Amino acid sequence: METLTAKQKIFNFPVTKIILALLAFMAFVIIGQQIAGKLLGLKPLDKDFRNLFKGISDYELCTFL
């Protein structure tokens, strides 16, 4: 029988895996928002249109994952 260390026990716990996946997902979305904001900042667009486009791009990122 294989014994697990304390670190392995923590990382094998399902709630820990869920929390790590959520953190990775949120980081991916935040980075995507920052990139979309930088790209849209290059064009002279209305602020509402930029926010709409960022929202749509966030939705696409979420459905892609």
# chains A, B, ... in the order shown; residues from 1 in each chain; ligands from 1

$ residues_around --residues "Leu61 in chain A" --least-positions-apart "3" --cutoff "9 Å" --atoms "only C-alpha atoms" --output "number ranges by chain"
A: 28-29, 32, 56-58, 64-65

$ atom_distance --atom1 "CA of Lys38 in chain A" --atom2 "CA of Thr63 in chain A"
21.8 Å

$ atom_distance --atom1 "CA of Leu22 in chain A" --atom2 "CA of Phe53 in chain A"
23.4 Å
